[in-house]
Each structure stands twice: as C-alpha cells, then as structure tokens.
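Written out below as structure tokens is the structure these notes cover.
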Amino acid sequence: MGLLDDVVQGIGKEVSRVQARGQEMMQSFNLQTQLRELEKKKTGKLLEIGRLVTDKYVRGEEIAEDVLKDKANEVAGYESEMQVLQAELDSLKVDTEVPTSKKAEKSAGFHTSPGYECPNCHAPAARDKAFCPSCGESLKRPSSSSSSSDDDVVDVEPNGN
Ligand SMILES: [Zn+2]
C-alpha cells in the first residue's frame, strides 16, 4: 500500500531529522559555552590592559610597551577565535518557527477534506480535525455567519441534543 508506505517513510524521515536537530542543538550549546568562556577571557584581558594603562599614565608607573602589545594581541586572538565559533554557530541555526509536531503531522500524511477550508485563514483543512493545520484556528465552532436555516448546515459534528 503506497499510502501507508508514505506515512511510515515520512515518520522515519522526521525521526532522523529530529535526531539531527538534537545533535545540532547540542553542538550549538557547546559553541555558545565556548563563546561565553572566550568573552570572559577577553573581558578579563581588557581589564588588565586598562589597569596597566591607568597605572602607566595616571600613576606614572613603568609599563613596558611589549607587555601591552602582548595583551592586546591576546585580546585579538580571543576575538578571532570568537568569530570562528560564531560563524560555526550561525551555520547551525535551524528554523524554530514551526514546531516539530506540526511538521511531523504534515509530512506524515495530513489529509484535507475536499472543499473544506479553515474559516480563518482559508487553508485546506480536514473535516475530522478539530484545528486548522495552518493557523491553529478551531474548526469545530458553528458558523455564525450563515443566514440560512440551521438544518442546512452540512457539518457532521454531533450537535448534542
Ligand atoms: Zn487556518
């Protein structure tokens, strides 16, 4: 059966996608941790330089140029390391717009009912679903705009007593 195969295949794809996403998130977490560490080191180094420069110019202390140069180079080193990590982090950025469950629902063969659409966004919707797959609008509420008699409503929803 082609349909079932599609569904199973869709779910399988989704699972491996979620796993890859998990790895990416872990990797991005590590990168962010490293970036924070570097930021701390860089800030510490900048404070050191500031202290030395202050001592030199305000208190007239002897501070060798080379000492300042070395520290400035260390700051530059941290910065270029951070740039590399940041670029890596940016390349990992995955879209977080649509929740995975919604994508899973779509790729696992979400079937719409012909001629049935969401009253809110007019996306194709399924008669047997409670909510619009596109905007999340509830599909079960009675249409209030209909001027015809209630008997003409084609919805098959069980309407109580
Ligand atoms: Zn909708």
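Identifiers for the structure tokens are assigned positionally: chains receive A, B, ... in sequence, residues are indexed from 1 per chain, and ligands are indexed from 1 in the order shown.
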
Could the residues of stretch 49-69 of chain A that have an atom at most 12 Å from stretch 35-44 of chain A be listed as JSON lines, each with its closest atom pair and the distance in Å to one decimal, counting only C-alpha atoms and ordered by chain and ascending residue number?
```
{"residue": "A:Ile49", "atom": "CA", "partner": "A:Gly44", "partner_atom": "CA", "distance": 8.8}
{"residue": "A:Gly50", "atom": "CA", "partner": "A:Gly44", "partner_atom": "CA", "distance": 9.8}
{"residue": "A:Arg51", "atom": "CA", "partner": "A:Gly44", "partner_atom": "CA", "distance": 10.5}
```

Any chance you can output those residues with N, CA and C atoms as a PDB file, in the first residue's frame?
```pdb
ATOM      1  N   ILE A  49      44.551  45.287  30.664  1.00  0.00           N
ATOM      2  CA  ILE A  49      45.166  46.346  29.864  1.00  0.00           C
ATOM      3  C   ILE A  49      44.771  47.714  30.416  1.00  0.00           C
ATOM      4  N   GLY A  50      43.502  47.844  30.721  1.00  0.00           N
ATOM      5  CA  GLY A  50      43.007  49.111  31.258  1.00  0.00           C
ATOM      6  C   GLY A  50      43.709  49.468  32.556  1.00  0.00           C
ATOM      7  N   ARG A  51      43.906  48.457  33.394  1.00  0.00           N
ATOM      8  CA  ARG A  51      44.588  48.687  34.664  1.00  0.00           C
ATOM      9  C   ARG A  51      46.034  49.138  34.424  1.00  0.00           C
TER      10      ARG A  51
END
```

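Where the distance criterion is 7 Å and the atoms used are only C-alpha atoms and all ligand atoms, the residues close to ligand 1 are Cys118, Pro119, Asn120, Cys121, His122, Ala123, Cys132, Pro133, Ser134, Cys135, Gly136 and Glu137 of chain A.
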
Practice task
Write out as a VMD selection string each polymer residue whose atoms come within 8 Å of A:Pro124, counting only C-alpha atoms; drop sequence neighbours fewer than 4 positions from it.
Solution key: chain A and resid 112 to 118

Since we have the selection now, will you write its residues out, keeping N, CA and C atoms, as a short mmCIF file (atom, residue, chain, number, x, y, z; two decimals), in the first residue's frame?
```
data_model
loop_
_atom_site.label_atom_id
_atom_site.label_comp_id
_atom_site.auth_asym_id
_atom_site.auth_seq_id
_atom_site.Cartn_x
_atom_site.Cartn_y
_atom_site.Cartn_z
N THR A 112 -6.48 16.50 3.83
CA THR A 112 -7.51 17.52 3.90
C THR A 112 -8.78 17.02 3.23
N SER A 113 -9.88 17.58 3.67
CA SER A 113 -11.16 17.23 3.06
C SER A 113 -11.41 18.16 1.88
N PRO A 114 -11.77 17.61 0.73
CA PRO A 114 -12.01 18.44 -0.45
C PRO A 114 -13.12 19.45 -0.19
N GLY A 115 -12.88 20.68 -0.58
CA GLY A 115 -13.89 21.70 -0.44
C GLY A 115 -14.07 22.21 0.98
N TYR A 116 -13.20 21.77 1.86
CA TYR A 116 -13.33 22.19 3.25
C TYR A 116 -12.14 23.05 3.60
N GLU A 117 -12.39 24.24 4.10
CA GLU A 117 -11.27 25.11 4.41
C GLU A 117 -11.44 25.79 5.75
N CYS A 118 -10.33 26.27 6.26
CA CYS A 118 -10.32 26.96 7.55
C CYS A 118 -11.10 28.27 7.42
#
```

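Closest approach to A:Lys71 from the set A:Leu52, A:Gln9, A:Ser28, A:Ala126 is made by A:Leu52, with distances taken over only C-alpha atoms.
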
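In this structure, atom CA of A:Gly77 sits 28.7 Å away from atom CA of A:Gly60.
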
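For the choices A:Asn30, A:Leu3, A:Gly22, A:Ala76, the atom-to-atom distance to A:His111 is smallest for A:Leu3 when using only C-alpha atoms.
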
Handout entry: Gap from atom CA of A:Lys56 to atom CA of A:Glu74 - Å, one decimal
Key = 19.6 Å

Handout entry: Non-local contacts of A:Phe29 (12 Å; only C-alpha atoms; under 4 positions in same chain excluded) as a VMD selection string
Key = chain A and resid 22 to 25 33 to 36 85 to 86 88 to 89 92 to 93

Using N, CA and C atoms, can you export the residues from the last selection as a PDB file, in the first residue's frame?
```pdb
ATOM      1  N   GLY A  22      18.669  17.467  17.254  1.00  0.00           N
ATOM      2  CA  GLY A  22      19.173  17.335  18.615  1.00  0.00           C
ATOM      3  C   GLY A  22      20.682  17.484  18.675  1.00  0.00           C
ATOM      4  N   GLN A  23      21.355  16.855  17.710  1.00  0.00           N
ATOM      5  CA  GLN A  23      22.812  16.972  17.664  1.00  0.00           C
ATOM      6  C   GLN A  23      23.232  18.405  17.396  1.00  0.00           C
ATOM      7  N   GLU A  24      22.499  19.040  16.481  1.00  0.00           N
ATOM      8  CA  GLU A  24      22.821  20.428  16.170  1.00  0.00           C
ATOM      9  C   GLU A  24      22.646  21.316  17.391  1.00  0.00           C
ATOM     10  N   MET A  25      21.587  21.051  18.134  1.00  0.00           N
ATOM     11  CA  MET A  25      21.322  21.861  19.319  1.00  0.00           C
ATOM     12  C   MET A  25      22.417  21.663  20.358  1.00  0.00           C
ATOM     13  N   THR A  33      28.725  27.930  24.855  1.00  0.00           N
ATOM     14  CA  THR A  33      29.510  27.861  26.087  1.00  0.00           C
ATOM     15  C   THR A  33      30.933  28.343  25.841  1.00  0.00           C
ATOM     16  N   GLN A  34      31.526  27.858  24.744  1.00  0.00           N
ATOM     17  CA  GLN A  34      32.891  28.275  24.418  1.00  0.00           C
ATOM     18  C   GLN A  34      32.975  29.769  24.161  1.00  0.00           C
ATOM     19  N   LEU A  35      31.942  30.270  23.486  1.00  0.00           N
ATOM     20  CA  LEU A  35      31.919  31.712  23.192  1.00  0.00           C
ATOM     21  C   LEU A  35      31.868  32.529  24.483  1.00  0.00           C
ATOM     22  N   ARG A  36      31.056  32.047  25.414  1.00  0.00           N
ATOM     23  CA  ARG A  36      30.960  32.763  26.692  1.00  0.00           C
ATOM     24  C   ARG A  36      32.294  32.752  27.417  1.00  0.00           C
ATOM     25  N   LEU A  85      33.960  30.667  15.962  1.00  0.00           N
ATOM     26  CA  LEU A  85      32.886  29.962  16.658  1.00  0.00           C
ATOM     27  C   LEU A  85      31.521  30.524  16.287  1.00  0.00           C
ATOM     28  N   GLN A  86      31.478  31.855  16.178  1.00  0.00           N
ATOM     29  CA  GLN A  86      30.201  32.491  15.850  1.00  0.00           C
ATOM     30  C   GLN A  86      29.730  32.081  14.458  1.00  0.00           C
ATOM     31  N   GLU A  88      30.447  29.335  12.964  1.00  0.00           N
ATOM     32  CA  GLU A  88      30.020  27.945  13.070  1.00  0.00           C
ATOM     33  C   GLU A  88      28.603  27.878  13.644  1.00  0.00           C
ATOM     34  N   LEU A  89      28.397  28.710  14.652  1.00  0.00           N
ATOM     35  CA  LEU A  89      27.100  28.751  15.321  1.00  0.00           C
ATOM     36  C   LEU A  89      26.011  29.214  14.350  1.00  0.00           C
ATOM     37  N   LEU A  92      24.733  26.677  12.030  1.00  0.00           N
ATOM     38  CA  LEU A  92      23.902  25.638  12.650  1.00  0.00           C
ATOM     39  C   LEU A  92      22.465  26.087  12.832  1.00  0.00           C
ATOM     40  N   LYS A  93      22.257  27.374  12.773  1.00  0.00           N
ATOM     41  CA  LYS A  93      20.941  27.937  13.064  1.00  0.00           C
ATOM     42  C   LYS A  93      19.849  27.204  12.286  1.00  0.00           C
TER      43      LYS A  93
END
```

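As for atom CA of A:Asp66 and atom CA of A:Glu81, they are spaced 22.3 Å apart.
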
Practice task
Find, counting only C-alpha atoms, the residue in A:Met26, A:Ala20, A:Val75, A:Lys69 that gets nearest to A:Leu47.
Solution key: A:Val75
